[in-house]
Structures are given as C-alpha cells and as structure tokens.
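start.csv, holding CSV, C-alpha atoms:
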chain,number,residue,atom,x,y,z
A,1,GLY,CA,22.3,-2.1,16.6
A,2,ALA,CA,21.7,1.6,17.1
A,3,GLY,CA,22.6,2.4,13.5
A,4,VAL,CA,24.0,1.1,10.3
A,5,SER,CA,27.6,-0.1,10.8
A,6,GLN,CA,30.1,-0.3,8.0
A,7,SER,CA,33.6,-1.7,8.0
A,8,PRO,CA,36.4,-1.0,7.3
A,9,SER,CA,36.0,2.8,7.6
A,10,ASN,CA,39.1,3.2,5.4
A,11,LYS,CA,40.7,0.8,3.1
A,12,VAL,CA,43.8,1.4,1.0
A,13,THR,CA,44.7,-1.3,-1.5
A,14,GLU,CA,46.8,-1.9,-4.5
A,15,LYS,CA,45.4,-2.1,-8.0
A,16,GLY,CA,44.5,-5.7,-8.8
A,17,LYS,CA,43.7,-6.8,-5.3
A,18,ASP,CA,40.3,-7.9,-4.1
A,19,VAL,CA,38.5,-6.0,-1.3
A,20,GLU,CA,35.5,-6.8,0.9
A,21,LEU,CA,33.3,-4.2,2.4
A,22,ARG,CA,30.9,-5.1,5.2
A,23,CYS,CA,27.5,-3.6,6.2
A,24,ASP,CA,25.6,-4.4,9.3
A,25,PRO,CA,22.1,-2.8,9.0
A,26,ILE,CA,19.7,-1.7,11.7
A,27,SER,CA,18.1,-4.7,13.4
A,28,GLY,CA,14.8,-5.5,11.8
A,29,HIS,CA,15.4,-3.6,8.6
A,30,THR,CA,14.6,-5.9,5.7
A,31,ALA,CA,15.8,-3.7,2.9
A,32,LEU,CA,19.5,-3.0,2.4
A,33,TYR,CA,21.2,-0.8,-0.3
A,34,TRP,CA,24.7,-0.1,-1.5
A,35,TYR,CA,25.6,3.3,-3.1
A,36,ARG,CA,28.9,4.7,-4.3
A,37,GLN,CA,29.9,8.3,-3.8
A,38,SER,CA,33.0,9.5,-5.6
A,39,LEU,CA,34.7,12.7,-4.4
A,40,GLY,CA,32.3,15.6,-4.6
A,41,GLN,CA,29.8,13.5,-6.6
A,42,GLY,CA,26.3,12.2,-6.0
A,43,LEU,CA,25.0,8.9,-4.8
A,44,GLU,CA,25.3,6.2,-7.4
A,45,PHE,CA,23.0,3.2,-6.9
A,46,LEU,CA,24.8,-0.1,-6.9
A,47,ILE,CA,22.5,-2.9,-5.6
A,48,TYR,CA,19.4,-3.4,-3.5
A,49,PHE,CA,18.5,-6.4,-1.2
A,50,GLN,CA,15.0,-7.3,0.1
A,51,GLY,CA,15.8,-9.9,2.7
A,52,ASN,CA,18.5,-12.1,1.2
A,53,SER,CA,17.5,-11.7,-2.4
A,54,ALA,CA,18.7,-8.9,-4.7
A,55,PRO,CA,15.9,-7.9,-7.0
A,56,ASP,CA,17.9,-5.1,-8.6
A,57,LYS,CA,21.6,-5.5,-9.4
A,58,SER,CA,21.4,-3.1,-12.3
A,59,GLY,CA,23.8,-0.5,-10.7
A,60,LEU,CA,26.8,-2.8,-10.4
A,61,PRO,CA,29.4,-1.1,-12.6
A,62,SER,CA,31.0,-4.4,-13.9
A,63,ASP,CA,31.2,-8.1,-13.2
A,64,ARG,CA,34.1,-7.3,-10.8
A,65,PHE,CA,31.5,-6.1,-8.4
A,66,SER,CA,29.3,-8.6,-6.4
A,67,ALA,CA,27.3,-8.5,-3.2
A,68,GLU,CA,25.6,-10.9,-1.0
A,69,ARG,CA,23.4,-10.8,2.1
A,70,THR,CA,23.0,-13.6,4.5
A,71,GLY,CA,20.5,-14.2,7.2
A,72,GLY,CA,18.6,-11.1,6.2
A,73,SER,CA,21.2,-9.1,8.0
A,74,VAL,CA,24.9,-8.5,7.2
A,75,SER,CA,25.8,-7.7,3.6
A,76,THR,CA,29.2,-7.9,1.9
A,77,LEU,CA,30.2,-5.9,-1.2
A,78,THR,CA,33.2,-7.5,-3.0
A,79,ILE,CA,35.3,-5.8,-5.6
A,80,GLN,CA,37.6,-8.1,-7.4
A,81,ARG,CA,40.8,-6.9,-9.2
A,82,THR,CA,40.3,-3.4,-8.0
A,83,GLN,CA,41.0,-0.5,-10.4
A,84,GLN,CA,41.9,3.1,-9.6
A,85,GLU,CA,38.5,4.3,-10.7
A,86,ASP,CA,36.9,2.1,-8.0
A,87,SER,CA,38.2,4.7,-5.4
A,88,ALA,CA,35.2,6.2,-3.7
A,89,VAL,CA,33.2,6.1,-0.5
A,90,TYR,CA,30.9,3.1,-0.5
A,91,LEU,CA,27.7,3.8,1.5
A,92,CYS,CA,25.3,1.2,2.8
A,93,ALA,CA,21.8,2.1,3.9
A,94,SER,CA,18.9,0.1,5.4
A,95,SER,CA,15.2,0.7,5.5
A,96,LEU,CA,12.5,-0.8,7.5
A,97,LEU,CA,10.3,-1.3,4.5
A,98,SER,CA,10.9,-1.3,0.8
A,99,TRP,CA,12.0,1.7,-1.2
A,100,THR,CA,9.4,4.1,-0.1
A,101,GLY,CA,10.8,4.5,3.4
A,102,GLU,CA,13.6,6.5,5.0
A,103,LEU,CA,17.0,5.2,4.2
A,104,PHE,CA,19.4,5.1,7.2
A,105,PHE,CA,23.0,5.4,6.0
A,106,GLY,CA,26.1,4.1,7.5
A,107,GLU,CA,29.3,6.2,7.8
A,108,GLY,CA,30.7,4.6,4.6
A,109,SER,CA,33.8,2.8,3.7
A,110,ARG,CA,36.4,4.9,2.0
A,111,LEU,CA,38.3,2.9,-0.6
A,112,THR,CA,41.5,4.1,-2.1
A,113,VAL,CA,43.1,2.1,-4.9
A,114,LEU,CA,46.7,3.0,-5.5
B,1,GLY,CA,14.9,3.7,-15.8
B,2,GLU,CA,14.5,6.8,-13.6
B,3,ASN,CA,16.7,9.8,-14.1
B,4,VAL,CA,16.8,12.7,-11.6
B,5,GLU,CA,18.2,16.1,-12.5
B,6,GLN,CA,18.9,18.7,-9.9
B,7,HIS,CA,19.7,22.5,-10.1
B,8,PRO,CA,21.6,24.4,-9.2
B,9,SER,CA,24.7,22.4,-8.5
B,10,THR,CA,26.0,25.1,-6.1
B,11,LEU,CA,24.1,27.8,-4.3
B,12,SER,CA,25.3,30.6,-2.1
B,13,VAL,CA,22.8,32.7,0.0
B,14,GLN,CA,23.1,35.3,2.7
B,15,GLU,CA,22.0,34.2,6.2
B,16,GLY,CA,18.3,34.8,6.6
B,17,ASP,CA,17.5,34.6,2.9
B,18,SER,CA,15.6,31.7,1.3
B,19,ALA,CA,17.1,28.9,-0.8
B,20,VAL,CA,15.4,26.9,-3.5
B,21,ILE,CA,16.6,23.7,-5.1
B,22,LYS,CA,14.7,22.2,-8.0
B,23,CYS,CA,14.6,18.7,-9.3
B,24,THR,CA,13.0,16.9,-12.2
B,25,TYR,CA,12.4,13.3,-12.8
B,26,SER,CA,11.7,11.1,-15.8
B,27,ASP,CA,9.6,8.2,-14.6
B,28,SER,CA,5.9,9.1,-14.3
B,29,ALA,CA,5.4,6.1,-12.1
B,30,SER,CA,7.6,7.6,-9.3
B,31,ASN,CA,5.5,8.3,-6.3
B,32,TYR,CA,8.0,9.0,-3.5
B,33,PHE,CA,10.4,12.0,-3.3
B,34,PRO,CA,12.7,12.3,-0.4
B,35,TRP,CA,15.4,15.0,0.3
B,36,TYR,CA,18.6,14.2,2.1
B,37,LYS,CA,21.2,16.5,3.6
B,38,GLN,CA,24.8,15.6,3.8
B,39,GLU,CA,27.1,17.7,5.9
B,40,LEU,CA,30.8,17.6,5.1
B,41,GLY,CA,32.3,14.3,6.0
B,42,LYS,CA,29.1,12.9,7.3
B,43,ARG,CA,26.4,10.5,6.1
B,44,PRO,CA,23.3,11.6,4.2
B,45,GLN,CA,20.2,12.1,6.4
B,46,LEU,CA,16.6,12.4,5.5
B,47,ILE,CA,15.2,15.9,6.1
B,48,ILE,CA,11.8,15.7,4.5
B,49,ASP,CA,9.9,13.6,2.0
B,50,ILE,CA,6.7,13.9,0.0
B,51,ARG,CA,4.5,11.3,-1.6
B,52,SER,CA,2.5,11.8,-4.8
B,53,ASN,CA,-0.8,12.1,-3.1
B,54,VAL,CA,0.1,15.6,-1.8
B,55,GLY,CA,1.4,18.7,-3.5
B,56,GLU,CA,3.2,20.4,-0.6
B,57,LYS,CA,4.6,19.5,2.7
B,58,LYS,CA,6.2,21.8,5.3
B,59,ASP,CA,8.3,21.2,8.4
B,60,GLN,CA,9.3,24.3,10.2
B,61,ARG,CA,11.7,26.2,7.8
B,62,ILE,CA,11.7,23.5,5.2
B,63,ALA,CA,9.0,22.9,2.6
B,64,VAL,CA,8.8,20.7,-0.5
B,65,THR,CA,6.4,21.1,-3.4
B,66,LEU,CA,5.6,18.5,-6.0
B,67,ASN,CA,4.1,19.0,-9.5
B,68,LYS,CA,3.4,15.5,-10.9
B,69,THR,CA,2.1,16.8,-14.2
B,70,ALA,CA,5.4,18.6,-14.9
B,71,LYS,CA,7.4,15.9,-13.1
B,72,HIS,CA,9.3,18.3,-10.9
B,73,PHE,CA,9.7,19.0,-7.2
B,74,SER,CA,11.4,21.6,-5.2
B,75,LEU,CA,13.0,22.2,-1.7
B,76,HIS,CA,12.5,25.5,-0.1
B,77,ILE,CA,14.5,26.6,2.9
B,78,THR,CA,13.5,29.8,4.6
B,79,GLU,CA,15.4,32.0,7.0
B,80,THR,CA,18.6,30.2,6.2
B,81,GLN,CA,21.2,29.7,8.9
B,82,PRO,CA,24.9,28.8,8.6
B,83,GLU,CA,24.1,25.2,9.9
B,84,ASP,CA,22.0,24.8,6.7
B,85,SER,CA,25.3,24.7,4.7
B,86,ALA,CA,25.6,21.2,3.3
B,87,VAL,CA,25.0,19.2,0.1
B,88,TYR,CA,21.3,18.5,-0.5
B,89,PHE,CA,20.2,15.5,-2.6
B,90,CYS,CA,16.8,15.0,-4.0
B,91,ALA,CA,15.6,11.5,-5.0
B,92,ALA,CA,12.7,9.8,-6.7
B,93,GLY,CA,11.4,6.3,-6.5
B,94,THR,CA,8.4,4.1,-6.5
B,95,SER,CA,6.9,1.5,-4.2
B,96,TYR,CA,8.3,-1.3,-6.3
B,97,ASP,CA,11.7,0.1,-7.5
B,98,LYS,CA,14.8,1.7,-6.2
B,99,VAL,CA,15.2,5.3,-5.2
B,100,ILE,CA,17.5,7.3,-7.6
B,101,PHE,CA,19.3,10.3,-6.3
B,102,GLY,CA,20.0,13.6,-8.1
B,103,PRO,CA,23.6,14.8,-8.4
B,104,GLY,CA,23.3,17.1,-5.4
B,105,THR,CA,23.4,20.8,-4.6
B,106,SER,CA,26.1,22.4,-2.5
B,107,LEU,CA,24.5,25.1,-0.4
B,108,SER,CA,26.6,27.7,1.4
B,109,VAL,CA,25.0,30.1,3.8
B,110,ILE,CA,27.1,33.2,4.3
B,111,PRO,CA,26.9,34.7,7.8
Now that the file is in, can you turn its structure into structure tokens?
Amino acid sequence: GAGVSQSPSNKVTEKGKDVELRCDPISGHTALYWYRQSLGQGLEFLIYFQGNSAPDKSGLPSDRFSAERTGGSVSTLTIQRTQQEDSAVYLCASSLLSWTGELFFGEGSRLTVL
Amino acid sequence: GENVEQHPSTLSVQEGDSAVIKCTYSDSASNYFPWYKQELGKRPQLIIDIRSNVGEKKDQRIAVTLNKTAKHFSLHITETQPEDSAVYFCAAGTSYDKVIFGPGTSLSVIP
C-alpha cells in the first residue's frame, strides 16, 4: 500500500474486554514496530518485528499484551483484560531495513477503556 | 538499555527566531539519531537524521549536531515559521537494537 494502515482508528471498550489492533505495513518493509503514545506523552516502545520474528519484546508492559506478525506483513497487537491505564494511541511503524532506517508511522489506533 | 532525555519540554519562540532542542543518550553504542516532527493529531514524520560518522548535518533551515564524546545531540531550526509549531522527538538507536525516543519538545512559534 501507499502507507502504513492501522485499524480500527478508534476503539472504545469496557474494562476487562480484549481488543485487537491491526497494522498493515508498507509493502516490502521487513521491520515493523509498535509504540504507545499516551495523551501528551512520548513514544513508548512496545515490540519490534524483523520478518515474522520478534527479537525484542522488552517494551510490552505486561503479559496482557501480545503481538504477532504473519507472512512478514500484517501485525496484530492484542491486549487482554483491558485496563483504564491501557487507554492511549497505539502507533505502528514500518521500515525498509532494520532499526537504522526511517520509520513510517501509521495514523494510530486510539484506544479508550471505560 | 538506552535512555534518551530531551530538553526543554516546551519551547516558545517568536517567528523568525531560532529554536534549539537538546538530547542526551546513555548507550555509547548508539550510532543513529533521527528527529521526528509530530503535528497536532497527526503521525510522527522523520525530518532529519544523523549517523555517528558525522558531526553535523544540515537541510535548509534545519540542522543537527552530534557530540559522541559527550553523548548529546541537538536540533537547530533557524528562521522559525508558524508551521514549525509541533512536537519534536529525538531518538537514538543502533544497527542491531531498537530506536528509543525522547519524551518530546512542544515547540510553539508565535507570529
């Protein structure tokens, strides 16, 4: 595609429910990243994929968070038993090469946990 | 792991003046230092980056400097314009590890 596509753009859920956020990176980009941005805050690293493997999961806040990437393309970030503190914008980015290359960000998925 | 600090957190300048944002990093192995601009409600976009084999890089009104010995790097914007108003993020990373972002600087250019 022309850019990184994320869905849903907005998600409102009740505390305790599970949510799935999807990221479709730029075609041909082998590296894919998830970041979290709370209101007015910086970009918190969550997880990084090179192809289908995730060499670095160190940023995942808890075991309620998981992510997978299939076919070296689409990635899904799953948050189980959502909590109010999970409310944030979840940004996905892809890069043609590994870390030392430009990150192309999606528009983000805004998650609100009531 | 890498830790990136950024100052100031907010910055207001008059149109036409210069703006300087400073960042420090902790991992001496970091060799890639990008800067991203995020306008209100939009996605972050790369504006300039520098690698450790150079000390300075310039692109029109934007310049970055890097001091590897002191582990700090800076963004300089000259002749600021209202459209420069945004949040700016510095970041640091290596060729084998993730890029870590600083907390951001909210720049306001007053017409």
*asked:* Rounded to one decimal, what separation in Å do you get between atom CA of A:Gly106 and atom CA of B:Leu75?
replied: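 Distance reported for this atom pair: 24.2 Å.
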*asked:* Please return as a ChimeraX atom specification every residue within 10 Å of (5.2, 5.9, -13.5), taking into account all atoms listed in the file and the file's own coordinates.
replied: /B:2,26-31,93-94
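The smallest atom-to-atom distance between B:Ser74 and any of B:Gly16, B:Gly41, B:Gly1, B:Pro34, using all atoms listed in the file, is found for B:Pro34.
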Counting only C-alpha atoms, which residues from chain A have an atom at most 10 Å from any atom of chain B, and could you show them as an mmCIF file with C-alpha atoms, in the coordinates of the input?
data_model
loop_
_atom_site.group_PDB
_atom_site.id
_atom_site.type_symbol
_atom_site.label_atom_id
_atom_site.label_comp_id
_atom_site.auth_asym_id
_atom_site.auth_seq_id
_atom_site.Cartn_x
_atom_site.Cartn_y
_atom_site.Cartn_z
ATOM 1 C CA TYR A 33 21.200 -0.800 -0.300
ATOM 2 C CA TYR A 35 25.600 3.300 -3.100
ATOM 3 C CA GLY A 40 32.300 15.600 -4.600
ATOM 4 C CA GLN A 41 29.800 13.500 -6.600
ATOM 5 C CA GLY A 42 26.300 12.200 -6.000
ATOM 6 C CA LEU A 43 25.000 8.900 -4.800
ATOM 7 C CA GLU A 44 25.300 6.200 -7.400
ATOM 8 C CA PHE A 45 23.000 3.200 -6.900
ATOM 9 C CA ILE A 47 22.500 -2.900 -5.600
ATOM 10 C CA TYR A 48 19.400 -3.400 -3.500
ATOM 11 C CA PRO A 55 15.900 -7.900 -7.000
ATOM 12 C CA ASP A 56 17.900 -5.100 -8.600
ATOM 13 C CA LEU A 91 27.700 3.800 1.500
ATOM 14 C CA CYS A 92 25.300 1.200 2.800
ATOM 15 C CA ALA A 93 21.800 2.100 3.900
ATOM 16 C CA LEU A 97 10.300 -1.300 4.500
ATOM 17 C CA SER A 98 10.900 -1.300 0.800
ATOM 18 C CA TRP A 99 12.000 1.700 -1.200
ATOM 19 C CA THR A 100 9.400 4.100 -0.100
ATOM 20 C CA GLY A 101 10.800 4.500 3.400
ATOM 21 C CA GLU A 102 13.600 6.500 5.000
ATOM 22 C CA LEU A 103 17.000 5.200 4.200
ATOM 23 C CA PHE A 104 19.400 5.100 7.200
ATOM 24 C CA PHE A 105 23.000 5.400 6.000
ATOM 25 C CA GLY A 106 26.100 4.100 7.500
ATOM 26 C CA GLU A 107 29.300 6.200 7.800
ATOM 27 C CA GLY A 108 30.700 4.600 4.600
#
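In this model, the gap between atom CA of B:Thr80 and atom CA of B:Asn67 comes to 24.1 Å.
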_Nearest residue to B:Thr10 out of B:Tyr25, B:Glu56, B:Glu83, B:Val109, using all atoms listed in the file?_
B:Val109
*In file coordinates, which residues lie within 6 Å of (24.1, -0.1, -9.3) using all atoms listed in the file, given as a VMD selection string?*
chain A and resid 45 to 47 57 to 60
Since the input is missing atoms for stretch 81-92 of chain B, could you rebuild it with all heavy atoms and give the result as a PDB file, in the frame of the given file?
ATOM      1  N   GLN B  81      20.239  29.502   7.832  1.00  0.00           N
ATOM      2  CA  GLN B  81      21.200  29.700   8.900  1.00  0.00           C
ATOM      3  C   GLN B  81      22.518  28.985   8.475  1.00  0.00           C
ATOM      4  O   GLN B  81      22.508  28.089   7.627  1.00  0.00           O
ATOM      5  CB  GLN B  81      20.681  29.039  10.191  1.00  0.00           C
ATOM      6  CG  GLN B  81      19.377  29.666  10.655  1.00  0.00           C
ATOM      7  CD  GLN B  81      18.682  28.867  11.743  1.00  0.00           C
ATOM      8  OE1 GLN B  81      19.209  27.866  12.234  1.00  0.00           O
ATOM      9  NE2 GLN B  81      17.489  29.306  12.131  1.00  0.00           N
ATOM     10  N   PRO B  82      23.659  29.378   9.040  1.00  0.00           N
ATOM     11  CA  PRO B  82      24.900  28.800   8.600  1.00  0.00           C
ATOM     12  C   PRO B  82      24.917  27.241   8.745  1.00  0.00           C
ATOM     13  O   PRO B  82      25.538  26.554   7.928  1.00  0.00           O
ATOM     14  CB  PRO B  82      25.931  29.385   9.630  1.00  0.00           C
ATOM     15  CG  PRO B  82      25.352  30.721   9.953  1.00  0.00           C
ATOM     16  CD  PRO B  82      23.867  30.502   9.977  1.00  0.00           C
ATOM     17  N   GLU B  83      24.193  26.701   9.704  1.00  0.00           N
ATOM     18  CA  GLU B  83      24.100  25.200   9.900  1.00  0.00           C
ATOM     19  C   GLU B  83      23.347  24.544   8.759  1.00  0.00           C
ATOM     20  O   GLU B  83      23.331  23.316   8.680  1.00  0.00           O
ATOM     21  CB  GLU B  83      23.584  24.842  11.227  1.00  0.00           C
ATOM     22  CG  GLU B  83      22.273  25.487  11.590  1.00  0.00           C
ATOM     23  CD  GLU B  83      22.466  26.747  12.423  1.00  0.00           C
ATOM     24  OE1 GLU B  83      23.399  27.536  12.150  1.00  0.00           O
ATOM     25  OE2 GLU B  83      21.641  26.966  13.332  1.00  0.00           O
ATOM     26  N   ASP B  84      22.708  25.331   7.900  1.00  0.00           N
ATOM     27  CA  ASP B  84      22.000  24.800   6.700  1.00  0.00           C
ATOM     28  C   ASP B  84      23.038  24.443   5.627  1.00  0.00           C
ATOM     29  O   ASP B  84      22.687  23.773   4.648  1.00  0.00           O
ATOM     30  CB  ASP B  84      20.964  25.700   6.191  1.00  0.00           C
ATOM     31  CG  ASP B  84      19.811  25.916   7.167  1.00  0.00           C
ATOM     32  OD1 ASP B  84      19.517  24.988   7.947  1.00  0.00           O
ATOM     33  OD2 ASP B  84      19.221  27.017   7.146  1.00  0.00           O
ATOM     34  N   SER B  85      24.255  24.940   5.756  1.00  0.00           N
ATOM     35  CA  SER B  85      25.300  24.700   4.700  1.00  0.00           C
ATOM     36  C   SER B  85      25.572  23.187   4.668  1.00  0.00           C
ATOM     37  O   SER B  85      25.915  22.554   5.669  1.00  0.00           O
ATOM     38  CB  SER B  85      26.566  25.449   5.075  1.00  0.00           C
ATOM     39  OG  SER B  85      26.353  26.844   5.024  1.00  0.00           O
ATOM     40  N   ALA B  86      25.408  22.630   3.470  1.00  0.00           N
ATOM     41  CA  ALA B  86      25.600  21.200   3.300  1.00  0.00           C
ATOM     42  C   ALA B  86      25.309  20.887   1.803  1.00  0.00           C
ATOM     43  O   ALA B  86      24.991  21.784   1.023  1.00  0.00           O
ATOM     44  CB  ALA B  86      24.598  20.407   4.151  1.00  0.00           C
ATOM     45  N   VAL B  87      25.429  19.607   1.457  1.00  0.00           N
ATOM     46  CA  VAL B  87      25.000  19.200   0.100  1.00  0.00           C
ATOM     47  C   VAL B  87      23.612  18.535   0.288  1.00  0.00           C
ATOM     48  O   VAL B  87      23.386  17.722   1.181  1.00  0.00           O
ATOM     49  CB  VAL B  87      25.971  18.134  -0.472  1.00  0.00           C
ATOM     50  CG1 VAL B  87      25.459  17.647  -1.822  1.00  0.00           C
ATOM     51  CG2 VAL B  87      27.355  18.754  -0.624  1.00  0.00           C
ATOM     52  N   TYR B  88      22.708  18.949  -0.562  1.00  0.00           N
ATOM     53  CA  TYR B  88      21.300  18.500  -0.500  1.00  0.00           C
ATOM     54  C   TYR B  88      21.079  17.576  -1.754  1.00  0.00           C
ATOM     55  O   TYR B  88      21.388  17.954  -2.883  1.00  0.00           O
ATOM     56  CB  TYR B  88      20.343  19.613  -0.490  1.00  0.00           C
ATOM     57  CG  TYR B  88      20.388  20.362   0.823  1.00  0.00           C
ATOM     58  CD1 TYR B  88      21.369  21.324   1.053  1.00  0.00           C
ATOM     59  CD2 TYR B  88      19.472  20.103   1.837  1.00  0.00           C
ATOM     60  CE1 TYR B  88      21.443  22.000   2.263  1.00  0.00           C
ATOM     61  CE2 TYR B  88      19.532  20.780   3.052  1.00  0.00           C
ATOM     62  CZ  TYR B  88      20.518  21.728   3.252  1.00  0.00           C
ATOM     63  OH  TYR B  88      20.593  22.399   4.459  1.00  0.00           O
ATOM     64  N   PHE B  89      20.512  16.414  -1.509  1.00  0.00           N
ATOM     65  CA  PHE B  89      20.200  15.500  -2.600  1.00  0.00           C
ATOM     66  C   PHE B  89      18.680  15.272  -2.659  1.00  0.00           C
ATOM     67  O   PHE B  89      18.049  14.959  -1.641  1.00  0.00           O
ATOM     68  CB  PHE B  89      20.839  14.121  -2.353  1.00  0.00           C
ATOM     69  CG  PHE B  89      22.336  14.121  -2.427  1.00  0.00           C
ATOM     70  CD1 PHE B  89      23.095  14.184  -1.260  1.00  0.00           C
ATOM     71  CD2 PHE B  89      22.992  14.052  -3.639  1.00  0.00           C
ATOM     72  CE1 PHE B  89      24.487  14.178  -1.311  1.00  0.00           C
ATOM     73  CE2 PHE B  89      24.391  14.053  -3.706  1.00  0.00           C
ATOM     74  CZ  PHE B  89      25.125  14.121  -2.539  1.00  0.00           C
ATOM     75  N   CYS B  90      18.132  15.421  -3.843  1.00  0.00           N
ATOM     76  CA  CYS B  90      16.800  15.000  -4.000  1.00  0.00           C
ATOM     77  C   CYS B  90      16.792  13.569  -4.589  1.00  0.00           C
ATOM     78  O   CYS B  90      17.823  13.101  -5.059  1.00  0.00           O
ATOM     79  CB  CYS B  90      16.033  15.916  -5.014  1.00  0.00           C
ATOM     80  SG  CYS B  90      16.715  15.961  -6.699  1.00  0.00           S
ATOM     81  N   ALA B  91      15.669  12.897  -4.507  1.00  0.00           N
ATOM     82  CA  ALA B  91      15.600  11.500  -5.000  1.00  0.00           C
ATOM     83  C   ALA B  91      14.156  11.236  -5.414  1.00  0.00           C
ATOM     84  O   ALA B  91      13.211  11.898  -4.970  1.00  0.00           O
ATOM     85  CB  ALA B  91      16.069  10.542  -3.947  1.00  0.00           C
ATOM     86  N   ALA B  92      14.020  10.232  -6.263  1.00  0.00           N
ATOM     87  CA  ALA B  92      12.700   9.800  -6.700  1.00  0.00           C
ATOM     88  C   ALA B  92      12.663   8.299  -6.787  1.00  0.00           C
ATOM     89  O   ALA B  92      13.658   7.655  -7.136  1.00  0.00           O
ATOM     90  CB  ALA B  92      12.380  10.426  -8.078  1.00  0.00           C
TER      91      ALA B  92
END
